[in-house]
>>> print(open('final-v2.pdb').read())   # PDB, C-alpha atoms
ATOM      1  CA  MET A 264     -22.639 -19.939  31.255
ATOM      2  CA  LYS A 265     -19.353 -18.188  31.974
ATOM      3  CA  GLN A 266     -17.854 -15.879  29.382
ATOM      4  CA  ARG A 267     -14.302 -15.054  28.405
ATOM      5  CA  THR A 268     -12.689 -12.111  26.650
ATOM      6  CA  VAL A 269     -11.344 -12.932  23.198
ATOM      7  CA  GLY A 270      -7.633 -12.215  22.799
ATOM      8  CA  ASN A 271      -6.631  -8.556  22.943
ATOM      9  CA  SER A 272     -10.181  -7.277  22.524
ATOM     10  CA  GLY A 273     -13.215  -6.420  24.591
ATOM     11  CA  LEU A 274     -15.390  -9.061  22.914
ATOM     12  CA  ARG A 275     -16.848 -11.637  25.309
ATOM     13  CA  VAL A 276     -17.964 -15.103  24.287
ATOM     14  CA  SER A 277     -19.416 -18.063  26.150
ATOM     15  CA  ARG A 278     -16.731 -20.604  26.932
ATOM     16  CA  ILE A 279     -18.757 -23.240  25.089
ATOM     17  CA  GLY A 280     -19.730 -22.342  21.541
ATOM     18  CA  LEU A 281     -22.387 -23.846  19.275
ATOM     19  CA  GLY A 282     -21.144 -25.225  15.964
ATOM     20  CA  THR A 283     -23.479 -25.625  13.003
ATOM     21  CA  LEU A 284     -21.447 -28.003  10.842
ATOM     22  CA  THR A 285     -24.071 -30.761  11.157
ATOM     23  CA  TRP A 286     -27.030 -28.510  10.365
ATOM     24  CA  GLY A 287     -28.709 -29.568   7.160
ATOM     25  CA  ARG A 288     -27.056 -32.977   7.169
ATOM     26  CA  GLU A 289     -27.587 -34.724  10.515
ATOM     27  CA  THR A 290     -29.617 -31.909  12.072
ATOM     28  CA  ASP A 291     -32.808 -30.613  10.453
ATOM     29  CA  GLY A 292     -34.347 -27.165  10.902
ATOM     30  CA  ASP A 293     -36.624 -28.094  13.814
ATOM     31  CA  GLU A 294     -33.800 -29.767  15.700
ATOM     32  CA  ALA A 295     -31.515 -26.813  14.995
ATOM     33  CA  ALA A 296     -34.147 -24.461  16.415
ATOM     34  CA  ALA A 297     -34.359 -26.547  19.583
ATOM     35  CA  GLN A 298     -30.574 -26.527  19.910
ATOM     36  CA  LEU A 299     -30.227 -22.786  19.433
ATOM     37  CA  SER A 300     -33.008 -22.093  21.913
ATOM     38  CA  ALA A 301     -31.538 -24.396  24.581
ATOM     39  CA  PHE A 302     -28.057 -23.002  24.013
ATOM     40  CA  ALA A 303     -29.200 -19.401  24.432
ATOM     41  CA  GLU A 304     -31.307 -20.244  27.488
ATOM     42  CA  ALA A 305     -28.215 -21.773  29.086
ATOM     43  CA  GLY A 306     -26.356 -18.497  28.568
ATOM     44  CA  GLY A 307     -24.412 -19.470  25.459
ATOM     45  CA  ASN A 308     -23.817 -16.725  22.937
ATOM     46  CA  PHE A 309     -21.144 -17.790  20.407
ATOM     47  CA  VAL A 310     -22.417 -19.468  17.232
ATOM     48  CA  ASP A 311     -20.061 -20.577  14.463
ATOM     49  CA  THR A 312     -21.250 -20.801  10.867
ATOM     50  CA  SER A 313     -19.899 -20.755   7.324
ATOM     51  CA  PRO A 314     -21.232 -20.840   3.761
ATOM     52  CA  ALA A 315     -19.054 -23.938   3.304
ATOM     53  CA  TYR A 316     -20.932 -25.964   5.940
ATOM     54  CA  THR A 317     -23.174 -28.480   4.151
ATOM     55  CA  ASN A 318     -22.750 -26.387   0.995
ATOM     56  CA  GLY A 319     -24.543 -23.421   2.549
ATOM     57  CA  THR A 320     -27.477 -25.245   4.133
ATOM     58  CA  ALA A 321     -26.274 -24.670   7.694
ATOM     59  CA  GLN A 322     -26.096 -20.930   7.157
ATOM     60  CA  ARG A 323     -29.556 -20.849   5.585
ATOM     61  CA  ILE A 324     -31.017 -22.715   8.556
ATOM     62  CA  LEU A 325     -29.413 -20.255  10.973
ATOM     63  CA  ALA A 326     -30.860 -17.379   8.932
ATOM     64  CA  GLU A 327     -34.357 -18.765   9.419
ATOM     65  CA  LEU A 328     -33.866 -18.929  13.192
ATOM     66  CA  LEU A 329     -32.402 -15.494  13.876
ATOM     67  CA  GLY A 330     -35.031 -13.227  15.343
ATOM     68  CA  ASP A 331     -37.710 -15.913  15.560
ATOM     69  CA  VAL A 332     -35.879 -18.205  17.985
ATOM     70  CA  VAL A 333     -33.149 -15.972  19.408
ATOM     71  CA  PRO A 334     -32.702 -12.217  18.863
ATOM     72  CA  ARG A 335     -29.685 -11.378  16.718
ATOM     73  CA  ASP A 336     -28.232  -9.037  19.323
ATOM     74  CA  GLN A 337     -28.036 -11.837  21.907
ATOM     75  CA  LEU A 338     -25.556 -13.783  19.790
ATOM     76  CA  VAL A 339     -21.933 -13.410  18.853
ATOM     77  CA  ILE A 340     -21.872 -14.823  15.332
ATOM     78  CA  GLY A 341     -18.626 -16.049  13.875
ATOM     79  CA  GLY A 342     -18.484 -16.616  10.124
ATOM     80  CA  SER A 343     -15.783 -17.357   7.614
ATOM     81  CA  SER A 344     -14.943 -16.841   3.961
ATOM     82  CA  GLY A 345     -12.310 -18.222   1.653
ATOM     83  CA  ILE A 346     -13.606 -21.700   0.807
ATOM     84  CA  ASP A 347     -15.261 -21.459  -2.595
ATOM     85  CA  VAL A 348     -17.824 -24.231  -3.179
ATOM     86  CA  SER A 349     -18.598 -25.078  -6.801
ATOM     87  CA  SER A 350     -22.019 -26.136  -8.095
ATOM     88  CA  GLU A 351     -20.685 -29.717  -7.997
ATOM     89  CA  GLY A 352     -19.892 -29.355  -4.289
ATOM     90  CA  ILE A 353     -16.115 -29.172  -4.772
ATOM     91  CA  HIS A 354     -14.336 -27.087  -2.124
ATOM     92  CA  ARG A 355     -11.432 -24.860  -3.187
ATOM     93  CA  VAL A 356      -9.387 -22.417  -1.137
ATOM     94  CA  ASP A 357      -9.645 -18.869  -2.512
ATOM     95  CA  SER A 358      -8.815 -15.894  -0.302
ATOM     96  CA  SER A 359      -8.832 -13.307  -3.058
ATOM     97  CA  ARG A 360     -10.527 -10.004  -2.295
ATOM     98  CA  ARG A 361     -13.220 -10.935  -4.837
ATOM     99  CA  ILE A 362     -14.205 -14.181  -3.127
ATOM    100  CA  LEU A 363     -13.757 -13.007   0.460
ATOM    101  CA  LEU A 364     -16.000  -9.958   0.075
ATOM    102  CA  ARG A 365     -18.518 -11.740  -2.130
ATOM    103  CA  GLN A 366     -18.978 -14.464   0.454
ATOM    104  CA  LEU A 367     -19.083 -11.969   3.311
ATOM    105  CA  ASP A 368     -21.768  -9.861   1.612
ATOM    106  CA  ASN A 369     -23.765 -12.986   0.746
ATOM    107  CA  THR A 370     -23.570 -14.150   4.348
ATOM    108  CA  LEU A 371     -24.759 -10.808   5.678
ATOM    109  CA  ALA A 372     -27.644 -10.720   3.206
ATOM    110  CA  GLU A 373     -28.654 -14.290   4.007
ATOM    111  CA  LEU A 374     -28.511 -13.805   7.767
ATOM    112  CA  GLY A 375     -30.339 -10.488   7.530
ATOM    113  CA  THR A 376     -27.692  -8.646   9.520
ATOM    114  CA  ASP A 377     -25.353  -5.766   8.704
ATOM    115  CA  HIS A 378     -22.301  -7.281  10.372
ATOM    116  CA  LEU A 379     -20.569 -10.396  11.650
ATOM    117  CA  ASP A 380     -19.137 -10.211  15.134
ATOM    118  CA  ILE A 381     -16.075 -12.233  14.085
ATOM    119  CA  TRP A 382     -15.135 -12.777  10.453
ATOM    120  CA  ASN A 383     -12.462 -15.392   9.761
ATOM    121  CA  VAL A 384     -10.286 -16.150   6.788
ATOM    122  CA  ALA A 385     -11.165 -19.819   6.377
ATOM    123  CA  ALA A 386      -7.797 -21.139   5.168
ATOM    124  CA  TRP A 387      -4.309 -20.118   4.099
ATOM    125  CA  ASP A 388      -4.148 -19.388   0.376
ATOM    126  CA  ASP A 389      -0.762 -19.700  -1.331
ATOM    127  CA  GLN A 390      -2.131 -18.103  -4.495
ATOM    128  CA  THR A 391      -3.257 -14.784  -3.000
ATOM    129  CA  PRO A 392      -0.735 -12.128  -1.839
ATOM    130  CA  ILE A 393      -0.860 -11.685   1.923
ATOM    131  CA  ASP A 394      -1.176  -7.906   1.526
ATOM    132  CA  GLU A 395      -4.383  -8.428  -0.435
ATOM    133  CA  VAL A 396      -5.844 -10.630   2.300
ATOM    134  CA  ALA A 397      -4.785  -8.121   4.963
ATOM    135  CA  ALA A 398      -6.282  -5.159   3.099
ATOM    136  CA  THR A 399      -9.546  -7.041   2.687
ATOM    137  CA  LEU A 400      -9.765  -7.735   6.417
ATOM    138  CA  ASP A 401      -9.022  -4.098   7.205
ATOM    139  CA  TYR A 402     -11.718  -2.991   4.758
ATOM    140  CA  ALA A 403     -14.285  -5.338   6.304
ATOM    141  CA  VAL A 404     -13.693  -3.747   9.701
ATOM    142  CA  THR A 405     -13.571  -0.121   8.565
ATOM    143  CA  SER A 406     -16.706  -0.577   6.436
ATOM    144  CA  GLY A 407     -18.594  -2.032   9.411
ATOM    145  CA  ARG A 408     -19.171  -5.444   7.850
ATOM    146  CA  ALA A 409     -17.145  -7.138  10.588
ATOM    147  CA  ARG A 410     -16.617  -6.053  14.169
ATOM    148  CA  TYR A 411     -13.497  -8.235  14.584
ATOM    149  CA  VAL A 412     -11.441 -10.545  12.377
ATOM    150  CA  GLY A 413      -9.538 -13.791  12.839
ATOM    151  CA  VAL A 414      -8.352 -16.935  11.094
ATOM    152  CA  THR A 415      -9.323 -20.583  10.846
ATOM    153  CA  GLY A 416      -6.988 -23.518  10.299
ATOM    154  CA  PHE A 417      -3.823 -21.419  10.114
ATOM    155  CA  ALA A 418      -0.413 -22.607  11.226
ATOM    156  CA  GLY A 419       1.470 -20.432  13.677
ATOM    157  CA  TRP A 420       3.750 -18.875  11.057
ATOM    158  CA  GLN A 421       0.753 -18.127   8.840
ATOM    159  CA  LEU A 422      -1.017 -16.355  11.694
ATOM    160  CA  ALA A 423       2.165 -14.362  12.403
ATOM    161  CA  THR A 424       2.547 -13.399   8.732
ATOM    162  CA  LEU A 425      -1.004 -12.093   8.463
ATOM    163  CA  ALA A 426      -0.864 -10.398  11.876
ATOM    164  CA  ALA A 427       2.136  -8.394  10.688
ATOM    165  CA  ALA A 428       0.342  -7.286   7.516
ATOM    166  CA  VAL A 429      -3.043  -6.123   8.847
ATOM    167  CA  SER A 430      -3.715  -2.734  10.396
ATOM    168  CA  THR A 431      -6.512  -4.104  12.556
ATOM    169  CA  THR A 432      -5.936  -6.835  15.166
ATOM    170  CA  LEU A 433      -6.473 -10.537  14.607
ATOM    171  CA  ILE A 434      -8.334 -11.441  17.784
ATOM    172  CA  SER A 435      -8.947 -15.152  17.213
ATOM    173  CA  ALA A 436      -7.472 -18.349  15.790
ATOM    174  CA  GLN A 437      -9.866 -21.242  15.266
ATOM    175  CA  ASN A 438      -8.363 -24.704  15.000
ATOM    176  CA  SER A 439      -8.849 -28.360  15.921
ATOM    177  CA  TYR A 440      -7.810 -28.935  19.528
ATOM    178  CA  SER A 441      -8.575 -31.907  21.762
ATOM    179  CA  LEU A 442      -6.957 -34.584  23.881
ATOM    180  CA  LEU A 443      -6.436 -36.549  20.669
ATOM    181  CA  ASP A 444      -5.205 -33.610  18.592
ATOM    182  CA  ARG A 445      -2.806 -31.321  20.402
ATOM    183  CA  SER A 446      -0.848 -30.353  17.299
ATOM    184  CA  ALA A 447      -1.894 -26.721  17.748
ATOM    185  CA  GLU A 448       0.335 -26.556  20.809
ATOM    186  CA  TYR A 449       3.533 -26.937  18.753
ATOM    187  CA  GLU A 450       3.284 -23.635  16.920
ATOM    188  CA  LEU A 451      -0.180 -22.081  16.794
ATOM    189  CA  VAL A 452      -0.748 -21.709  20.534
ATOM    190  CA  PRO A 453       2.463 -19.729  21.238
ATOM    191  CA  SER A 454       1.998 -17.688  18.064
ATOM    192  CA  ALA A 455      -1.578 -16.806  19.014
ATOM    193  CA  ARG A 456      -0.468 -15.845  22.508
ATOM    194  CA  HIS A 457       2.304 -13.625  21.143
ATOM    195  CA  HIS A 458      -0.025 -11.830  18.724
ATOM    196  CA  GLY A 459      -2.917 -11.467  21.153
ATOM    197  CA  ALA A 460      -5.314 -13.903  19.490
ATOM    198  CA  GLY A 461      -7.649 -16.087  21.520
ATOM    199  CA  LEU A 462      -8.047 -19.761  20.637
ATOM    200  CA  PHE A 463     -11.360 -21.199  19.477
ATOM    201  CA  ALA A 464     -11.085 -24.975  19.905
ATOM    202  CA  GLN A 465     -12.813 -26.922  17.136
ATOM    203  CA  ALA A 466     -13.654 -30.648  17.372
ATOM    204  CA  PRO A 467     -12.906 -30.733  21.131
ATOM    205  CA  LEU A 468     -14.465 -34.214  21.366
ATOM    206  CA  ALA A 469     -12.508 -35.567  18.368
ATOM    207  CA  GLY A 470     -15.603 -36.494  16.405
ATOM    208  CA  GLY A 471     -17.181 -38.165  19.423
ATOM    209  CA  ILE A 472     -14.285 -40.540  20.098
ATOM    210  CA  LEU A 473     -13.603 -38.929  23.470
ATOM    211  CA  THR A 474     -17.154 -39.628  24.628
ATOM    212  CA  GLY A 475     -16.253 -43.334  24.673
ATOM    213  CA  LYS A 476     -18.766 -44.299  21.993
ATOM    214  CA  TYR A 477     -16.159 -46.227  19.960
ATOM    215  CA  ARG A 478     -14.700 -48.260  22.843
ATOM    216  CA  SER A 479     -16.364 -51.516  21.835
ATOM    217  CA  GLY A 480     -16.843 -50.936  18.115
ATOM    218  CA  THR A 481     -18.347 -48.497  15.657
ATOM    219  CA  PRO A 482     -21.994 -47.620  16.371
ATOM    220  CA  ALA A 483     -24.191 -47.937  13.294
ATOM    221  CA  ASP A 484     -25.505 -44.388  13.631
ATOM    222  CA  SER A 485     -22.099 -42.782  14.226
ATOM    223  CA  ARG A 486     -19.909 -40.681  11.963
ATOM    224  CA  GLY A 487     -17.405 -43.521  11.894
ATOM    225  CA  ALA A 488     -19.982 -45.725  10.162
ATOM    226  CA  ASP A 489     -20.583 -43.166   7.403
ATOM    227  CA  GLU A 490     -18.391 -44.116   4.431
ATOM    228  CA  GLN A 491     -18.242 -40.519   3.191
ATOM    229  CA  ARG A 492     -17.095 -39.031   6.492
ATOM    230  CA  SER A 493     -15.369 -41.857   8.353
ATOM    231  CA  ASP A 494     -11.758 -41.256   7.278
ATOM    232  CA  ASP A 495     -11.044 -38.635   9.959
ATOM    233  CA  ILE A 496     -12.508 -40.883  12.646
ATOM    234  CA  ARG A 497     -10.559 -43.949  11.545
ATOM    235  CA  GLU A 498      -7.297 -42.004  11.522
ATOM    236  CA  LEU A 499      -7.810 -41.160  15.187
ATOM    237  CA  LEU A 500      -8.787 -44.670  16.327
ATOM    238  CA  THR A 501      -5.272 -45.670  17.379
ATOM    239  CA  ASP A 502      -3.781 -47.459  20.369
ATOM    240  CA  ARG A 503      -2.839 -44.077  21.786
ATOM    241  CA  ALA A 504      -6.450 -42.924  21.401
ATOM    242  CA  SER A 505      -7.634 -46.005  23.276
ATOM    243  CA  ARG A 506      -5.338 -45.195  26.187
ATOM    244  CA  VAL A 507      -6.533 -41.604  26.274
ATOM    245  CA  VAL A 508     -10.198 -42.593  26.100
ATOM    246  CA  GLU A 509      -9.812 -45.115  28.915
ATOM    247  CA  SER A 510      -8.188 -42.426  31.059
ATOM    248  CA  VAL A 511     -11.057 -40.045  30.296
ATOM    249  CA  VAL A 512     -13.609 -42.730  31.218
ATOM    250  CA  THR A 513     -11.769 -43.506  34.460
ATOM    251  CA  ALA A 514     -11.687 -39.817  35.370
ATOM    252  CA  ALA A 515     -15.395 -39.462  34.577
ATOM    253  CA  ASP A 516     -16.281 -42.445  36.748
ATOM    254  CA  GLY A 517     -14.293 -41.003  39.634
ATOM    255  CA  LEU A 518     -15.930 -37.597  39.301
ATOM    256  CA  GLY A 519     -19.435 -38.953  38.776
ATOM    257  CA  THR A 520     -19.805 -37.286  35.404
ATOM    258  CA  SER A 521     -19.614 -38.183  31.703
ATOM    259  CA  PRO A 522     -16.503 -38.748  29.555
ATOM    260  CA  LEU A 523     -17.875 -35.983  27.297
ATOM    261  CA  ALA A 524     -17.792 -33.504  30.180
ATOM    262  CA  VAL A 525     -14.247 -34.456  31.168
ATOM    263  CA  ALA A 526     -12.838 -34.198  27.636
ATOM    264  CA  LEU A 527     -14.630 -30.918  26.974
ATOM    265  CA  ALA A 528     -13.613 -29.346  30.293
ATOM    266  CA  TRP A 529      -9.975 -30.273  29.656
ATOM    267  CA  VAL A 530      -9.727 -28.399  26.348
ATOM    268  CA  ARG A 531     -12.035 -25.578  27.446
ATOM    269  CA  ASP A 532      -9.640 -24.701  30.242
ATOM    270  CA  ARG A 533      -6.371 -24.924  28.328
ATOM    271  CA  ARG A 534      -4.348 -21.727  28.449
ATOM    272  CA  GLY A 535      -5.466 -19.264  25.790
ATOM    273  CA  VAL A 536      -8.702 -21.044  24.874
ATOM    274  CA  CYS A 537     -11.669 -18.666  24.763
ATOM    275  CA  THR A 538     -14.325 -21.149  23.742
ATOM    276  CA  ALA A 539     -14.701 -24.797  22.772
ATOM    277  CA  VAL A 540     -16.978 -25.067  19.734
ATOM    278  CA  VAL A 541     -19.152 -28.174  19.745
ATOM    279  CA  GLY A 542     -21.518 -29.331  17.031
ATOM    280  CA  ALA A 543     -24.249 -31.533  18.472
ATOM    281  CA  ARG A 544     -26.314 -33.853  16.306
ATOM    282  CA  ASP A 545     -29.446 -33.455  18.425
ATOM    283  CA  SER A 546     -30.782 -31.861  21.597
ATOM    284  CA  ALA A 547     -29.856 -34.874  23.706
ATOM    285  CA  GLN A 548     -26.198 -34.484  22.759
ATOM    286  CA  LEU A 549     -26.374 -30.745  23.359
ATOM    287  CA  THR A 550     -27.799 -31.366  26.855
ATOM    288  CA  GLY A 551     -24.671 -33.357  27.681
ATOM    289  CA  VAL A 552     -22.480 -30.607  26.261
ATOM    290  CA  LEU A 553     -24.187 -27.901  28.297
ATOM    291  CA  ALA A 554     -23.900 -30.004  31.452
ATOM    292  CA  ALA A 555     -20.132 -29.889  31.053
ATOM    293  CA  GLU A 556     -20.260 -26.171  31.865
ATOM    294  CA  GLU A 557     -20.599 -27.058  35.543
ATOM    295  CA  LEU A 558     -17.489 -29.259  35.656
ATOM    296  CA  GLU A 559     -14.168 -27.891  36.847
ATOM    297  CA  LEU A 560     -11.464 -30.537  36.552
ATOM    298  CA  PRO A 561      -9.260 -31.051  39.639
ATOM    299  CA  ARG A 562      -5.658 -30.147  38.870
ATOM    300  CA  ALA A 563      -4.423 -33.686  39.464
ATOM    301  CA  ILE A 564      -6.845 -35.126  36.899
ATOM    302  CA  ALA A 565      -6.081 -32.427  34.353
ATOM    303  CA  ALA A 566      -2.359 -33.132  34.794
ATOM    304  CA  ALA A 567      -2.899 -36.887  34.380
ATOM    305  CA  LEU A 568      -4.782 -36.273  31.144
ATOM    306  CA  ASP A 569      -1.973 -33.984  29.995
ATOM    307  CA  ASP A 570       0.489 -36.826  30.500
ATOM    308  CA  VAL A 571      -1.474 -39.605  28.860
ATOM    309  CA  SER A 572      -2.318 -37.460  25.806
ATOM    310  CA  ALA A 573       1.119 -35.888  25.384
TER
END
>>> encode(input="final-v2.pdb", output="structure tokens")
Amino acid sequence: MKQRTVGNSGLRVSRIGLGTLTWGRETDGDEAAAQLSAFAEAGGNFVDTSPAYTNGTAQRILAELLGDVVPRDQLVIGGSSGIDVSSEGIHRVDSSRRILLRQLDNTLAELGTDHLDIWNVAAWDDQTPIDEVAATLDYAVTSGRARYVGVTGFAGWQLATLAAAVSTTLISAQNSYSLLDRSAEYELVPSARHHGAGLFAQAPLAGGILTGKYRSGTPADSRGADEQRSDDIRELLTDRASRVVESVVTAADGLGTSPLAVALAWVRDRRGVCTAVVGARDSAQLTGVLAAEELELPRAIAAALDDVSA
């Protein structure tokens, strides 16, 4: 798998990353082990995790696999802090120094490592002074807990505000980015480019919609059929989405590949994108994701997809 340099840094990550959001919910420990092994064998190295994923279960599963399945030093692990999860499972944004460092230290202890390769502030926090957030990021780097730092889910102005306050460099900005969600292009993409941060594209398949699985209805085993997690999917199932999906399917048919590969290759190769982070439910889905590594979209098709998704 090809690698790319992240922003204004020397860090190199695989241009397809492995997300762990489904681990502990749709993906059990054995399946996660199979995914991580296949991903590493294919040359992938970036793995995204967080204590907020499945209320910490995803991170605990990854901890059990490090060393036994894949050596720690073969991976670039990205983690985040700033989403405080209560005992009742309620998520609350808190980027105070207390919460950020507590979660970071807990993550390091759980993963059995002395550092994260990329540590992200998980969300913008209106209640915490930006200088406090910046000082905490600087401390994480100078103390060796994090090799690099970045942000997740920030708007462009928020990235710019934090970038001006930190002494270290924000090398990455992680955000939703796909043919069905190009909102990052309005503000975040130019801001990240200006401040030297590479883009980590989350949800590049728009919850599976871009694979074509919802063209004729909602599959019973899909996320869209889950009452607790279907809202995001339903919001994206619009007439515009249908036009985009049909264009992706047409392109895939013409190229002799899958709609998944076309949609993933499009976002993977957008300007500034370092990696497209995909969370696969099982090994079969991951096989399709890894196959997309071989696809390079012809310029004419990429331009047509730009137009239909604009």
>>> resolve_selection(input="final-v2.pdb", expression="the PyMOL selection byres ((chain A and resi 307-313) around 9)", output="PyMOL selection string")
chain A and resi 264-266+275-284+299+301-306+314-319+321-322+325+337-344+370+385+538+540+553
>>> resolve_selection(input="final-v2.pdb", expression="the PyMOL selection byres ((chain A and resi 437-449) around 9)", output="ChimeraX atom specification")
/A:383,413-419,435-436,450-453,461-469,472-473,499,503-504,507-508,526-527,529-530,539,568-569,571-573
>>> closest_residue(input="final-v2.pdb", among="A:Leu367, A:Ala296, A:Ile353, A:Leu374", to="Val332 in chain A", atoms="all atoms listed in the file")
A:Ala296
>>> resolve_selection(input="final-v2.pdb", expression="the PyMOL selection byres ((chain A and resi 345) around 8)", output="list of chain:residue names")
A:Ser343, A:Ser344, A:Ile346, A:Asp347, A:Val356, A:Asp357, A:Ser358, A:Ser359, A:Ile362, A:Leu363, A:Gln366, A:Val384, A:Ala385, A:Ala386
>>> write_last_selection(input="final-v2.pdb", atoms="C-alpha atoms", output="CSV table (one decimal), keeping the file's coordinate frame")
chain,number,residue,atom,x,y,z
A,343,SER,CA,-15.8,-17.4,7.6
A,344,SER,CA,-14.9,-16.8,4.0
A,346,ILE,CA,-13.6,-21.7,0.8
A,347,ASP,CA,-15.3,-21.5,-2.6
A,356,VAL,CA,-9.4,-22.4,-1.1
A,357,ASP,CA,-9.6,-18.9,-2.5
A,358,SER,CA,-8.8,-15.9,-0.3
A,359,SER,CA,-8.8,-13.3,-3.1
A,362,ILE,CA,-14.2,-14.2,-3.1
A,363,LEU,CA,-13.8,-13.0,0.5
A,366,GLN,CA,-19.0,-14.5,0.5
A,384,VAL,CA,-10.3,-16.2,6.8
A,385,ALA,CA,-11.2,-19.8,6.4
A,386,ALA,CA,-7.8,-21.1,5.2
>>> residues_near_point(input="final-v2.pdb", point="(-18.2, -7.4, 11.2)", cutoff="10 Å", atoms="all atoms listed in the file", output="list in words")
Ile340, Gly341, Gly342, Leu367, Leu371, Thr376, Asp377, His378, Leu379, Asp380, Ile381, Trp382, Asn383, Leu400, Ala403, Val404, Thr405, Ser406, Gly407, Arg408, Ala409, Arg410, Tyr411 and Val412 of chain A
>>> residues_around(input="final-v2.pdb", residues="Ala565 in chain A", least_positions_apart="6", cutoff="10 Å", atoms="only C-alpha atoms", output="ChimeraX atom specification")
/A:511,514,525-526,528-530,532-533,559
>>> closest_residue(input="final-v2.pdb", among="A:Ala428, A:Val396, A:Leu549, A:Ala567", to="Thr290 in chain A", atoms="all atoms listed in the file")
A:Leu549
>>> atom_distance(input="final-v2.pdb", atom1="CA of His458 in chain A", atom2="CA of Ser430 in chain A")
12.9 Å
>>> closest_residue(input="final-v2.pdb", among="A:Glu373, A:Glu294, A:Asp388, A:Glu351", to="Glu327 in chain A", atoms="all atoms listed in the file")
A:Glu373
>>> residues_near_point(input="final-v2.pdb", point="(-21.3, -29.5, 32.4)", cutoff="9 Å", atoms="only C-alpha atoms", output="number ranges by chain")
A: 520-521, 523-525, 527-528, 550-559
>>> closest_residue(input="final-v2.pdb", among="A:Gln390, A:Gln548, A:Ser300, A:Asn369", to="Gly471 in chain A", atoms="all atoms listed in the file")
A:Gln548
>>> closest_residue(input="final-v2.pdb", among="A:Arg361, A:Arg562, A:Arg544, A:Arg478", to="Arg288 in chain A", atoms="only C-alpha atoms")
A:Arg544
>>> closest_residue(input="final-v2.pdb", among="A:Arg534, A:His354, A:Arg360, A:Arg323", to="Ala455 in chain A", atoms="all atoms listed in the file")
A:Arg534
>>> atom_distance(input="final-v2.pdb", atom1="CA of Asp368 in chain A", atom2="CA of Thr391 in chain A")
19.7 Å
>>> atom_distance(input="final-v2.pdb", atom1="CA of Asp331 in chain A", atom2="CA of Val348 in chain A")
28.6 Å
>>> build_atoms(input="final-v2.pdb", residues="range 451-455 of chain A", atoms="all heavy atoms", output="mmCIF file, in the coordinates of the input")
data_model
loop_
_atom_site.group_PDB
_atom_site.id
_atom_site.type_symbol
_atom_site.label_atom_id
_atom_site.label_comp_id
_atom_site.auth_asym_id
_atom_site.auth_seq_id
_atom_site.Cartn_x
_atom_site.Cartn_y
_atom_site.Cartn_z
ATOM 1 N N LEU A 451 0.919 -23.036 16.823
ATOM 2 C CA LEU A 451 -0.180 -22.081 16.794
ATOM 3 C C LEU A 451 -0.429 -21.448 18.153
ATOM 4 O O LEU A 451 -0.647 -20.232 18.250
ATOM 5 C CB LEU A 451 -1.454 -22.756 16.291
ATOM 6 C CG LEU A 451 -2.693 -21.848 16.229
ATOM 7 C CD1 LEU A 451 -2.471 -20.699 15.249
ATOM 8 C CD2 LEU A 451 -3.938 -22.650 15.847
ATOM 9 N N VAL A 452 -0.432 -22.239 19.202
ATOM 10 C CA VAL A 452 -0.748 -21.709 20.534
ATOM 11 C C VAL A 452 0.237 -20.612 20.948
ATOM 12 O O VAL A 452 -0.187 -19.515 21.339
ATOM 13 C CB VAL A 452 -0.796 -22.842 21.578
ATOM 14 C CG1 VAL A 452 -0.879 -22.261 22.989
ATOM 15 C CG2 VAL A 452 -1.997 -23.750 21.320
ATOM 16 N N PRO A 453 1.551 -20.833 20.871
ATOM 17 C CA PRO A 453 2.463 -19.729 21.238
ATOM 18 C C PRO A 453 2.378 -18.542 20.299
ATOM 19 O O PRO A 453 2.529 -17.395 20.727
ATOM 20 C CB PRO A 453 3.853 -20.383 21.206
ATOM 21 C CG PRO A 453 3.687 -21.639 20.417
ATOM 22 C CD PRO A 453 2.290 -22.087 20.633
ATOM 23 N N SER A 454 2.126 -18.797 19.009
ATOM 24 C CA SER A 454 1.998 -17.688 18.064
ATOM 25 C C SER A 454 0.768 -16.855 18.391
ATOM 26 O O SER A 454 0.818 -15.620 18.380
ATOM 27 C CB SER A 454 1.905 -18.220 16.633
ATOM 28 O OG SER A 454 1.739 -17.158 15.719
ATOM 29 N N ALA A 455 -0.345 -17.521 18.675
ATOM 30 C CA ALA A 455 -1.578 -16.806 19.014
ATOM 31 C C ALA A 455 -1.388 -15.986 20.287
ATOM 32 O O ALA A 455 -1.829 -14.831 20.377
ATOM 33 C CB ALA A 455 -2.722 -17.798 19.185
#
